[in-house]
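> The structure follows.
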Amino acid sequence: MAENKKVYVVGHKNPDTDSICSAIAYADLRQKVTGQVHEAKRAGHVNDETAYVLDRFGVEAPKLLTDVRLQVRDLDIHEMPGLKPNASIRDTWERMRQEQAKTLPIVKDDELVGVVSTGDIAKSYMDAHDNYFLSNARTQYRSIANTVEGKIVTGNGHGYFLRGKVVIGATLPEKLGEYLEEDDLVILGDRYEDHLCAIEENVSCIIVCNNAEVAEDIQEAATKNDCVIIRSPLDTFTIARLINQSIPVKHIMKKDNLITFQTDDFTDQIKEVMVKNRHRAFPVVNKHGKYIGTVSRRNLLGMKKKEVILVDHNERSQAVDNIEAAEILEIIDHHRIGSIETMSPIVFRNQPVGCTATIMHQMYVERNLEVSPAIAGLLCAAIISDTLMFRSPTCTHRDKMAAGALALVAGINIEEFAKEMFTAGSNLKGKTTEGIFYQDFKRFTTEQVNFGVGQISSMNQDELLSLKKRLIPFMKKECGKNGITMVFIMLTNILEETSEIICYGDGSGRLVEDAFN
């Protein structure tokens with residue numbers, strides 16, 4: 001049941017349209033090429049522009065992945081079926097033998113209600129000193145019959161032994177009545193007089209040993225008295241030895257302070273719990289509290305790291321948390337070579353184009369793979385977004401050629417679609433300053449400095465001017481967080497094809513002046 005056989009394809013934090021659409025496309029491409037399951041993930045919130053694009057082409061947004069440490073769901077969870085609380089101790093023991101398990105989960109309506117171990121069963125035997133043990137446990141007559149391998153001759157097998165003690169009728173008939181009380185359960189042989197005495201004392205259950213015959217008048221009287229008669233092929237000693245195994249497991253299970261793991265718990269956290277609590281197996285539940293299976297310390301041996309492919313970035317500061325805990329298989333990017341290190345050589349494709357989606361299109365062509373209209377639409381949208389419809393200085397001839405080819409497959413008009421997409425993405429009304437600031441914000445690290453760069457695009461210049469007043473004080477507050485000493489925000493007017501840079505931090509203004517004169 002482990003999920004770490006998948007390869008996750010994921011972009012950067014605060015993902016833009018290229019980051020998410022390229023992840024979806026590359027997961028599709030790699031699965032076609034290798035046959036292995038590849039799943040696109042996102043490392044942050046889907047912005048309005050990307051949401052419009054996904055909805056436009058009928059593609060579901062990738063699920064969120066914020067941390068790539070191994071989780072319980074990545075382990076080989078043992079899908080051991082849970083026992084019901086009314087299962088007998090004997091049935092529980094049989095299941096333990098079949099599963100070669102020392103611990104079993106007890107489940108009701110898919111929810112974990114308790115855990116029972118071989119130690120709990122042994123303890124129940126050692127503690128069973130009083131002969132009211134069966135009635136105190138509210139044992140079902142059908143369970144008693146199954147445990148002693150018997151058949152119910154009269155009475156309601158679905159009923160419960162609720163009052164009275166267990167008595168073995170080993171004395172003379174004239175003395176038996178002195179030991180019996182109403183509602184008792186009595187184990188008898190084949191003597192008619194003993195059967196009659198038990199009926200007269202109004203016991204609730206009679207177990208007859210060695211398949212002894214029960215007279216018809218005794219059966220009729222038992223039916224009239226609501227007395228259950230069980231006929232067993234076993235001898236008296238064996239029945240007496242086995243009968244305590246008929247009590248329901250819920251009577252001996254542990255139900256308080258259970259140690260359980262959730263599927264999204266991280267394995268480095270559960271290791272500590274396993275060391276402190278030397279159980280053979282630990283129950284696993286999902287986020288809804290439903291029982292799934294069990295894991296043991298053995299599951300932690302030889303664990304494989306999560307396998308990931310990074311797209312649209314190669315910066316450690318922009319990657320999902322704990323990226324060093326995963327095995328990076330590939331990086332596909334169009335940015336500068338950044339700070340991510342790998343343990344072994346990997347496929348690293350980095351090209352000077354305006355968008356990762358352009359590289360994705362090239363890879364489909366190189367492998368002679370068909371691009372579906374939906375994937376083509378996503379990749380075309382990503383190129384339009386990253387190059388601001390070919391107006392960005394980073395845009396290349398390859399970007400334009402790829403977008404044109406993809407638009408034909410997707411059945412869209414680039415100019416009309418771009419206007420709709422930018423309109424959807426540039427609606428900043430009702431958003432918090434923090435939400436706007438971080439919607440396309442990336443952190444970069446050099447040997448000298450850590451800095452952040454963001455871009456906000458709008459088709460309304462007045463909106464950008466108003467936003468500038470809100471952003472400047474927010475930038476001052478954010479500068480210094482996570483070691484960032486300089487912040488740069490580009491306010492881009494899509495219609496006028498202009499950008500204004502606002503910045504904060506020691507030396508930031510001078511850097512902008514040196515870069516752009």
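Convention: chains lettered A, B, ... in structure tokens order; per-chain residue numbering from 1; ligands numbered from 1 as shown.
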Run DSSP on the backbone of this structure and report the residues of segment 330-435 of chain A it assigns to alpha helix (DSSP H), as a VMD selection string.

chain A and resid 356 to 366 373 to 386 397 to 410 414 to 425 433 to 435

> For segment 58-83 of chain A against segment 271-284 of chain A, with a cut-off of 12 Å and counting only C-alpha atoms, what is the closest atom pair and its distance in Å to one decimal for every residue that makes the cut, ordered by chain and number, as CSV?


```
residue,atom,partner,partner_atom,distance
A:Leu70,CA,A:Lys271,CA,11.7
A:Gln71,CA,A:Lys271,CA,11.2
A:Val72,CA,A:Val284,CA,8.1
A:Arg73,CA,A:Val284,CA,9.0
A:Leu75,CA,A:Val284,CA,10.8
A:Asp76,CA,A:Val284,CA,11.4
A:Ile77,CA,A:Val284,CA,8.0
A:His78,CA,A:Val284,CA,9.3
A:Glu79,CA,A:Val284,CA,9.5
A:Met80,CA,A:Pro283,CA,9.5
A:Pro81,CA,A:Pro283,CA,10.9
A:Gly82,CA,A:Pro283,CA,9.7
```

> Please produce an output containing all heavy atoms for each residue in the selection, written as an mmCIF file, in the first residue's frame.


```cif
data_model
loop_
_atom_site.group_PDB
_atom_site.id
_atom_site.type_symbol
_atom_site.label_atom_id
_atom_site.label_comp_id
_atom_site.auth_asym_id
_atom_site.auth_seq_id
_atom_site.Cartn_x
_atom_site.Cartn_y
_atom_site.Cartn_z
ATOM 1 N N LEU A 70 9.495 11.432 4.366
ATOM 2 C CA LEU A 70 8.670 10.228 4.300
ATOM 3 C C LEU A 70 7.563 10.289 5.342
ATOM 4 O O LEU A 70 7.770 10.744 6.467
ATOM 5 C CB LEU A 70 9.523 8.986 4.546
ATOM 6 C CG LEU A 70 10.279 8.439 3.345
ATOM 7 C CD1 LEU A 70 11.183 7.299 3.790
ATOM 8 C CD2 LEU A 70 9.336 7.958 2.267
ATOM 9 N N GLN A 71 6.386 9.823 4.944
ATOM 10 C CA GLN A 71 5.233 9.772 5.848
ATOM 11 C C GLN A 71 4.772 8.334 6.006
ATOM 12 O O GLN A 71 5.199 7.436 5.259
ATOM 13 C CB GLN A 71 4.105 10.643 5.292
ATOM 14 C CG GLN A 71 4.443 12.134 5.279
ATOM 15 C CD GLN A 71 3.426 12.934 4.497
ATOM 16 O OE1 GLN A 71 3.462 12.956 3.271
ATOM 17 N NE2 GLN A 71 2.515 13.584 5.197
ATOM 18 N N VAL A 72 3.887 8.128 6.959
ATOM 19 C CA VAL A 72 3.384 6.779 7.221
ATOM 20 C C VAL A 72 2.743 6.200 5.958
ATOM 21 O O VAL A 72 2.884 5.006 5.672
ATOM 22 C CB VAL A 72 2.378 6.795 8.392
ATOM 23 C CG1 VAL A 72 1.693 5.440 8.538
ATOM 24 C CG2 VAL A 72 3.086 7.163 9.693
ATOM 25 N N ARG A 73 2.053 7.035 5.181
ATOM 26 C CA ARG A 73 1.401 6.548 3.970
ATOM 27 C C ARG A 73 2.411 6.007 2.954
ATOM 28 O O ARG A 73 2.046 5.247 2.053
ATOM 29 C CB ARG A 73 0.570 7.645 3.318
ATOM 30 C CG ARG A 73 1.353 8.838 2.827
ATOM 31 C CD ARG A 73 0.519 9.678 1.864
ATOM 32 N NE ARG A 73 -0.714 10.109 2.482
ATOM 33 C CZ ARG A 73 -0.879 11.254 3.122
ATOM 34 N NH1 ARG A 73 0.140 12.097 3.239
ATOM 35 N NH2 ARG A 73 -2.031 11.596 3.645
ATOM 36 N N LEU A 75 4.928 4.092 3.765
ATOM 37 C CA LEU A 75 5.407 2.791 4.227
ATOM 38 C C LEU A 75 4.536 1.676 3.648
ATOM 39 O O LEU A 75 3.444 1.914 3.134
ATOM 40 C CB LEU A 75 5.366 2.721 5.760
ATOM 41 C CG LEU A 75 6.202 3.747 6.515
ATOM 42 C CD1 LEU A 75 5.965 3.600 8.018
ATOM 43 C CD2 LEU A 75 7.681 3.593 6.199
ATOM 44 N N ASP A 76 5.036 0.469 3.761
ATOM 45 C CA ASP A 76 4.272 -0.703 3.329
ATOM 46 C C ASP A 76 3.312 -1.079 4.457
ATOM 47 O O ASP A 76 3.587 -1.957 5.273
ATOM 48 C CB ASP A 76 5.225 -1.853 3.011
ATOM 49 C CG ASP A 76 4.493 -3.031 2.381
ATOM 50 O OD1 ASP A 76 3.343 -2.847 1.945
ATOM 51 O OD2 ASP A 76 5.079 -4.129 2.332
ATOM 52 N N ILE A 77 2.181 -0.399 4.504
ATOM 53 C CA ILE A 77 1.193 -0.620 5.576
ATOM 54 C C ILE A 77 0.570 -2.006 5.417
ATOM 55 O O ILE A 77 0.121 -2.377 4.333
ATOM 56 C CB ILE A 77 0.102 0.466 5.542
ATOM 57 C CG1 ILE A 77 0.728 1.848 5.795
ATOM 58 C CG2 ILE A 77 -0.981 0.183 6.580
ATOM 59 C CD1 ILE A 77 -0.242 3.003 5.631
ATOM 60 N N HIS A 78 0.563 -2.755 6.498
ATOM 61 C CA HIS A 78 -0.032 -4.098 6.485
ATOM 62 C C HIS A 78 -1.546 -3.955 6.597
ATOM 63 O O HIS A 78 -2.059 -3.533 7.628
ATOM 64 C CB HIS A 78 0.526 -4.920 7.648
ATOM 65 C CG HIS A 78 -0.010 -6.331 7.701
ATOM 66 N ND1 HIS A 78 -0.359 -7.046 6.571
ATOM 67 C CD2 HIS A 78 -0.261 -7.151 8.758
ATOM 68 C CE1 HIS A 78 -0.794 -8.246 6.936
ATOM 69 N NE2 HIS A 78 -0.750 -8.323 8.252
ATOM 70 N N GLU A 79 -2.241 -4.307 5.537
ATOM 71 C CA GLU A 79 -3.696 -4.123 5.507
ATOM 72 C C GLU A 79 -4.390 -5.268 6.249
ATOM 73 O O GLU A 79 -5.115 -6.065 5.668
ATOM 74 C CB GLU A 79 -4.179 -4.015 4.068
ATOM 75 C CG GLU A 79 -3.644 -2.780 3.352
ATOM 76 C CD GLU A 79 -4.064 -2.719 1.900
ATOM 77 O OE1 GLU A 79 -4.315 -3.792 1.321
ATOM 78 O OE2 GLU A 79 -4.148 -1.616 1.352
ATOM 79 N N MET A 80 -4.138 -5.351 7.529
ATOM 80 C CA MET A 80 -4.738 -6.381 8.366
ATOM 81 C C MET A 80 -6.179 -6.008 8.720
ATOM 82 O O MET A 80 -6.410 -4.956 9.309
ATOM 83 C CB MET A 80 -3.934 -6.557 9.652
ATOM 84 C CG MET A 80 -4.459 -7.666 10.553
ATOM 85 S SD MET A 80 -3.644 -7.637 12.166
ATOM 86 C CE MET A 80 -1.943 -7.923 11.697
ATOM 87 N N PRO A 81 -7.159 -6.839 8.352
ATOM 88 C CA PRO A 81 -8.551 -6.502 8.686
ATOM 89 C C PRO A 81 -8.736 -6.435 10.196
ATOM 90 O O PRO A 81 -8.168 -7.237 10.941
ATOM 91 C CB PRO A 81 -9.352 -7.662 8.085
ATOM 92 C CG PRO A 81 -8.438 -8.315 7.103
ATOM 93 C CD PRO A 81 -7.055 -8.103 7.617
ATOM 94 N N GLY A 82 -9.522 -5.472 10.650
ATOM 95 C CA GLY A 82 -9.794 -5.351 12.073
ATOM 96 C C GLY A 82 -10.875 -6.322 12.522
ATOM 97 O O GLY A 82 -11.735 -6.727 11.742
#
```

> To test your reading of the structure, identify every residue in segment 118-266 of chain A that backbone DSSP assigns to strand (DSSP E), and report it as a list of chain:residue names.

A:Thr139, A:Gln140, A:Lys151, A:Ile152, A:Val153, A:Thr154, A:Tyr160, A:Phe161, A:Val166, A:Val167, A:Ile168, A:Leu185, A:Val186, A:Ile187, A:Leu188, A:Cys205, A:Ile206, A:Ile207, A:Val208, A:Val228, A:Ile229, A:Ile230, A:Arg231, A:Phe261, A:Gln262

> Might you pull out every residue within 10 Å of segment 30-39 of chain A, with only C-alpha atoms counted and same-chain residues fewer than 6 positions away left off, and present them as a ChimeraX atom specification?

/A:5-10,23-24,62-63,307-309,364,367,369

> Take the selection from the previous step and output its residues with N, CA and C atoms, as an mmCIF file, in the first residue's frame.


```
data_model
loop_
_atom_site.group_PDB
_atom_site.id
_atom_site.type_symbol
_atom_site.label_atom_id
_atom_site.label_comp_id
_atom_site.auth_asym_id
_atom_site.auth_seq_id
_atom_site.Cartn_x
_atom_site.Cartn_y
_atom_site.Cartn_z
ATOM 1 N N LYS A 5 6.104 4.557 -4.368
ATOM 2 C CA LYS A 5 6.415 4.039 -5.684
ATOM 3 C C LYS A 5 6.079 5.076 -6.750
ATOM 4 N N LYS A 6 5.351 6.098 -6.380
ATOM 5 C CA LYS A 6 5.064 7.195 -7.288
ATOM 6 C C LYS A 6 6.276 8.110 -7.386
ATOM 7 N N VAL A 7 6.328 8.826 -8.497
ATOM 8 C CA VAL A 7 7.296 9.917 -8.629
ATOM 9 C C VAL A 7 6.483 11.204 -8.649
ATOM 10 N N TYR A 8 6.861 12.147 -7.784
ATOM 11 C CA TYR A 8 6.125 13.407 -7.706
ATOM 12 C C TYR A 8 6.833 14.468 -8.551
ATOM 13 N N VAL A 9 6.054 15.160 -9.372
ATOM 14 C CA VAL A 9 6.569 16.254 -10.196
ATOM 15 C C VAL A 9 6.023 17.546 -9.616
ATOM 16 N N VAL A 10 6.920 18.436 -9.194
ATOM 17 C CA VAL A 10 6.472 19.614 -8.443
ATOM 18 C C VAL A 10 7.301 20.838 -8.817
ATOM 19 N N ALA A 23 4.330 21.032 -14.444
ATOM 20 C CA ALA A 23 4.318 19.830 -13.592
ATOM 21 C C ALA A 23 3.277 18.830 -14.101
ATOM 22 N N ILE A 24 2.097 19.322 -14.451
ATOM 23 C CA ILE A 24 1.042 18.442 -14.967
ATOM 24 C C ILE A 24 1.487 17.795 -16.276
ATOM 25 N N PRO A 62 -3.415 20.141 -9.184
ATOM 26 C CA PRO A 62 -2.638 19.139 -8.430
ATOM 27 C C PRO A 62 -2.850 19.311 -6.926
ATOM 28 N N LYS A 63 -2.689 18.235 -6.208
ATOM 29 C CA LYS A 63 -2.818 18.290 -4.757
ATOM 30 C C LYS A 63 -1.572 18.938 -4.149
ATOM 31 N N GLU A 307 10.637 10.086 -4.319
ATOM 32 C CA GLU A 307 11.302 10.455 -5.562
ATOM 33 C C GLU A 307 10.570 11.642 -6.181
ATOM 34 N N VAL A 308 11.320 12.690 -6.494
ATOM 35 C CA VAL A 308 10.696 13.900 -7.026
ATOM 36 C C VAL A 308 11.437 14.393 -8.260
ATOM 37 N N ILE A 309 10.692 15.071 -9.112
ATOM 38 C CA ILE A 309 11.242 15.790 -10.257
ATOM 39 C C ILE A 309 10.853 17.251 -10.072
ATOM 40 N N TYR A 364 8.018 16.652 -25.797
ATOM 41 C CA TYR A 364 6.952 15.884 -26.461
ATOM 42 C C TYR A 364 7.338 15.630 -27.919
ATOM 43 N N ARG A 367 10.211 13.072 -28.421
ATOM 44 C CA ARG A 367 9.804 11.678 -28.191
ATOM 45 C C ARG A 367 8.653 11.256 -29.096
ATOM 46 N N LEU A 369 5.623 12.150 -29.116
ATOM 47 C CA LEU A 369 4.423 11.872 -28.327
ATOM 48 C C LEU A 369 3.326 12.877 -28.669
#
```

> Rounded to one decimal place, report the atom CA of Ile144 of chain A-atom CA of Ile247 of chain A distance in Å.

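These atoms are spaced 7.7 Å apart.
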
> Would you mind telling me which residue in A:Asn322, A:Gln245, A:Ser372, A:Ser385 lies nearest to Gly354 of chain A when using only C-alpha atoms?

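Under the stated criterion, the closest residue is A:Ser385.
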
> Neighbouring residues of segment 227-229 of chain A were defined as those with any atom within 6 Å, considering only C-alpha atoms; residues of the same chain fewer than 6 positions away were excluded. Please report them as an mmCIF file with all heavy atoms, in the first residue's frame.


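Writing done, so here's selection.cif:
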```
data_model
loop_
_atom_site.group_PDB
_atom_site.id
_atom_site.type_symbol
_atom_site.label_atom_id
_atom_site.label_comp_id
_atom_site.auth_asym_id
_atom_site.auth_seq_id
_atom_site.Cartn_x
_atom_site.Cartn_y
_atom_site.Cartn_z
ATOM 1 N N ILE A 152 -26.953 -25.111 19.191
ATOM 2 C CA ILE A 152 -28.033 -24.650 20.065
ATOM 3 C C ILE A 152 -29.273 -25.494 19.786
ATOM 4 O O ILE A 152 -29.766 -25.543 18.655
ATOM 5 C CB ILE A 152 -28.307 -23.153 19.842
ATOM 6 C CG1 ILE A 152 -27.078 -22.341 20.289
ATOM 7 C CG2 ILE A 152 -29.551 -22.705 20.597
ATOM 8 C CD1 ILE A 152 -27.182 -20.860 20.018
ATOM 9 N N VAL A 153 -29.745 -26.171 20.830
ATOM 10 C CA VAL A 153 -30.919 -27.060 20.701
ATOM 11 C C VAL A 153 -32.200 -26.270 20.903
ATOM 12 O O VAL A 153 -33.163 -26.406 20.139
ATOM 13 C CB VAL A 153 -30.825 -28.217 21.718
ATOM 14 C CG1 VAL A 153 -32.057 -29.118 21.633
ATOM 15 C CG2 VAL A 153 -29.554 -29.026 21.487
ATOM 16 N N THR A 154 -32.226 -25.430 21.930
ATOM 17 C CA THR A 154 -33.396 -24.581 22.192
ATOM 18 C C THR A 154 -32.909 -23.180 22.584
ATOM 19 O O THR A 154 -31.771 -22.996 23.002
ATOM 20 C CB THR A 154 -34.257 -25.118 23.350
ATOM 21 O OG1 THR A 154 -33.508 -24.995 24.573
ATOM 22 C CG2 THR A 154 -34.664 -26.562 23.137
ATOM 23 N N GLY A 155 -33.792 -22.203 22.451
ATOM 24 C CA GLY A 155 -33.495 -20.860 22.932
ATOM 25 C C GLY A 155 -32.919 -19.943 21.857
ATOM 26 O O GLY A 155 -32.642 -20.348 20.728
ATOM 27 N N SER A 204 -30.401 -20.060 33.040
ATOM 28 C CA SER A 204 -30.565 -19.400 31.735
ATOM 29 C C SER A 204 -29.954 -20.201 30.606
ATOM 30 O O SER A 204 -30.331 -20.048 29.446
ATOM 31 C CB SER A 204 -29.930 -18.010 31.765
ATOM 32 O OG SER A 204 -28.534 -18.115 32.000
ATOM 33 N N CYS A 205 -28.986 -21.103 30.939
ATOM 34 C CA CYS A 205 -28.320 -21.872 29.879
ATOM 35 C C CYS A 205 -27.832 -23.205 30.422
ATOM 36 O O CYS A 205 -27.283 -23.272 31.522
ATOM 37 C CB CYS A 205 -27.150 -21.070 29.299
ATOM 38 S SG CYS A 205 -26.246 -21.905 27.973
ATOM 39 N N ILE A 206 -28.022 -24.268 29.624
ATOM 40 C CA ILE A 206 -27.512 -25.604 29.948
ATOM 41 C C ILE A 206 -26.602 -26.034 28.806
ATOM 42 O O ILE A 206 -26.986 -25.974 27.633
ATOM 43 C CB ILE A 206 -28.656 -26.632 30.094
ATOM 44 C CG1 ILE A 206 -29.617 -26.224 31.225
ATOM 45 C CG2 ILE A 206 -28.094 -28.030 30.321
ATOM 46 C CD1 ILE A 206 -30.883 -27.077 31.279
ATOM 47 N N ILE A 207 -25.374 -26.457 29.154
ATOM 48 C CA ILE A 207 -24.475 -27.039 28.148
ATOM 49 C C ILE A 207 -24.374 -28.523 28.451
ATOM 50 O O ILE A 207 -23.971 -28.922 29.551
ATOM 51 C CB ILE A 207 -23.079 -26.396 28.191
ATOM 52 C CG1 ILE A 207 -23.166 -24.897 27.919
ATOM 53 C CG2 ILE A 207 -22.162 -27.063 27.161
ATOM 54 C CD1 ILE A 207 -21.833 -24.172 28.009
#
```

> Counting only C-alpha atoms, figure out which residue out of A:Thr92, A:Val113, A:Glu201, A:Leu188 gets nearest to Val214 of chain A.

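Checking each of A:Thr92, A:Val113, A:Glu201, A:Leu188 against Val214 of chain A, counting only C-alpha atoms, the winner is A:Leu188.
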
> Env of Cys197 of chain A: 8 Å cut, atoms = only C-alpha atoms, seq-sep filter 3 positions within chain, self excluded. Answer as a count of residues only.

7

> Near Ile337 of chain A, within 10 Å and counting only C-alpha atoms, which residues show up once chain neighbours fewer than 3 positions away are dropped, as a PyMOL selection string?

chain A and resi 313-315+333-334+340+350

> What lies within 10 Å of Gly44 of chain A using only C-alpha atoms, ignoring chain neighbours under 3 positions off, as a list of chain:residue names?

A:Gly11, A:His12, A:Lys13, A:Asn14, A:Pro15, A:Asp16, A:Ile20, A:Lys41, A:Asn47, A:Lys63, A:Leu64, A:Leu65, A:Thr66, A:Val320, A:Gln439

> Can you write just those residues out, all heavy atoms, as a compact mmCIF listing (two decimals), in the first residue's frame?


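See part.txt below for the written result:
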```
# COMPACT_ATOMS: atom_id res chain seq x y z
N GLY A 11 6.65 21.99 -8.82
CA GLY A 11 7.32 23.26 -9.10
C GLY A 11 7.72 23.95 -7.81
O GLY A 11 7.91 23.32 -6.77
N HIS A 12 7.80 25.27 -7.88
CA HIS A 12 8.30 26.05 -6.74
C HIS A 12 7.16 26.53 -5.84
O HIS A 12 5.98 26.42 -6.17
CB HIS A 12 9.12 27.24 -7.24
CG HIS A 12 8.41 28.09 -8.26
ND1 HIS A 12 7.39 28.96 -7.95
CD2 HIS A 12 8.57 28.16 -9.62
CE1 HIS A 12 6.97 29.55 -9.06
NE2 HIS A 12 7.65 29.09 -10.08
N LYS A 13 7.53 27.06 -4.68
CA LYS A 13 6.56 27.66 -3.78
C LYS A 13 5.96 28.90 -4.43
O LYS A 13 6.58 29.51 -5.30
CB LYS A 13 7.24 28.03 -2.45
CG LYS A 13 7.70 26.84 -1.63
CD LYS A 13 8.38 27.31 -0.34
CE LYS A 13 8.85 26.14 0.50
NZ LYS A 13 9.56 26.59 1.72
N ASN A 14 4.77 29.32 -3.95
CA ASN A 14 4.04 30.43 -4.57
C ASN A 14 3.98 30.21 -6.09
O ASN A 14 4.44 31.04 -6.88
CB ASN A 14 4.71 31.78 -4.27
CG ASN A 14 4.89 32.01 -2.79
OD1 ASN A 14 3.97 31.81 -2.00
ND2 ASN A 14 6.10 32.40 -2.40
N PRO A 15 3.44 29.06 -6.52
CA PRO A 15 3.55 28.66 -7.92
C PRO A 15 2.78 29.58 -8.87
O PRO A 15 1.71 30.07 -8.55
CB PRO A 15 2.95 27.25 -7.93
CG PRO A 15 2.01 27.23 -6.77
CD PRO A 15 2.67 28.08 -5.73
N ASP A 16 3.39 29.81 -10.05
CA ASP A 16 2.70 30.54 -11.11
C ASP A 16 2.12 29.53 -12.10
O ASP A 16 2.18 28.31 -11.89
CB ASP A 16 3.65 31.52 -11.79
CG ASP A 16 4.90 30.85 -12.34
OD1 ASP A 16 4.94 29.59 -12.36
OD2 ASP A 16 5.83 31.55 -12.75
N ILE A 20 2.82 25.15 -12.34
CA ILE A 20 1.79 24.12 -12.18
C ILE A 20 1.51 23.40 -13.50
O ILE A 20 1.42 22.17 -13.54
CB ILE A 20 0.51 24.74 -11.59
CG1 ILE A 20 0.75 25.07 -10.11
CG2 ILE A 20 -0.68 23.81 -11.74
CD1 ILE A 20 -0.42 25.66 -9.38
N LYS A 41 2.24 17.64 -8.45
CA LYS A 41 1.91 18.25 -7.17
C LYS A 41 2.15 19.75 -7.26
O LYS A 41 2.80 20.24 -8.19
CB LYS A 41 2.79 17.67 -6.05
CG LYS A 41 2.52 16.21 -5.74
CD LYS A 41 1.25 16.02 -4.93
CE LYS A 41 1.12 14.60 -4.42
NZ LYS A 41 -0.09 14.42 -3.59
N ASN A 47 -3.01 30.48 -7.89
CA ASN A 47 -3.48 31.86 -8.05
C ASN A 47 -4.65 31.93 -9.04
O ASN A 47 -4.98 30.94 -9.70
CB ASN A 47 -2.33 32.79 -8.48
CG ASN A 47 -1.76 32.44 -9.85
OD1 ASN A 47 -2.49 32.07 -10.77
ND2 ASN A 47 -0.45 32.57 -9.99
N LYS A 63 -2.69 18.24 -6.21
CA LYS A 63 -2.82 18.29 -4.76
C LYS A 63 -1.57 18.94 -4.15
O LYS A 63 -0.50 18.91 -4.72
CB LYS A 63 -3.02 16.89 -4.18
CG LYS A 63 -4.37 16.28 -4.58
CD LYS A 63 -4.53 14.89 -4.01
CE LYS A 63 -5.87 14.30 -4.42
NZ LYS A 63 -6.03 12.90 -3.94
N LEU A 64 -1.78 19.49 -2.96
CA LEU A 64 -0.72 20.24 -2.28
C LEU A 64 0.35 19.30 -1.71
O LEU A 64 0.03 18.28 -1.11
CB LEU A 64 -1.32 21.09 -1.17
CG LEU A 64 -0.39 22.04 -0.42
CD1 LEU A 64 0.11 23.14 -1.36
CD2 LEU A 64 -1.12 22.67 0.77
N LEU A 65 1.62 19.65 -1.91
CA LEU A 65 2.74 18.93 -1.30
C LEU A 65 3.68 19.97 -0.73
O LEU A 65 4.32 20.70 -1.46
CB LEU A 65 3.46 18.09 -2.36
CG LEU A 65 4.70 17.32 -1.88
CD1 LEU A 65 4.30 16.22 -0.91
CD2 LEU A 65 5.47 16.74 -3.05
N THR A 66 3.73 20.07 0.60
CA THR A 66 4.55 21.10 1.24
C THR A 66 5.80 20.55 1.90
O THR A 66 6.67 21.30 2.30
CB THR A 66 3.73 21.86 2.28
OG1 THR A 66 3.23 20.93 3.26
CG2 THR A 66 2.55 22.59 1.65
N VAL A 320 9.94 22.69 -2.11
CA VAL A 320 9.12 22.21 -1.00
C VAL A 320 10.02 21.96 0.20
O VAL A 320 11.22 21.67 0.05
CB VAL A 320 8.34 20.92 -1.38
CG1 VAL A 320 7.30 21.21 -2.43
CG2 VAL A 320 9.28 19.83 -1.85
N GLN A 439 1.88 36.15 -4.03
CA GLN A 439 1.28 35.31 -5.07
C GLN A 439 2.28 34.90 -6.15
O GLN A 439 2.11 33.88 -6.81
CB GLN A 439 0.07 36.02 -5.70
CG GLN A 439 0.38 37.22 -6.57
CD GLN A 439 -0.89 37.82 -7.15
OE1 GLN A 439 -2.00 37.60 -6.66
NE2 GLN A 439 -0.75 38.60 -8.20
```

> When you count only C-alpha atoms, which of these residues is closest to Lys250 of chain A: A:Val409, A:Ala25, A:Ile270, A:Leu83?

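For Lys250 of chain A, the nearest of the given residues is A:Leu83.
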
> Pick out the closest residue to Leu104 of chain A from this set: A:Ser22, A:Asn257, A:Thr294, A:Ser426. Count only C-alpha atoms.

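For Leu104 of chain A, the nearest of the given residues is A:Thr294.
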
> Mind pulling up the distance from atom CA of Ile484 of chain A to atom CA of Tyr504 of chain A?

10.6 Å

> Which is closest to Ser317 of chain A among A:Asn136, A:Thr446, A:Asn131, A:Thr485, if we use only C-alpha atoms?

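Of all the options, A:Thr446 lies closest to Ser317 of chain A.
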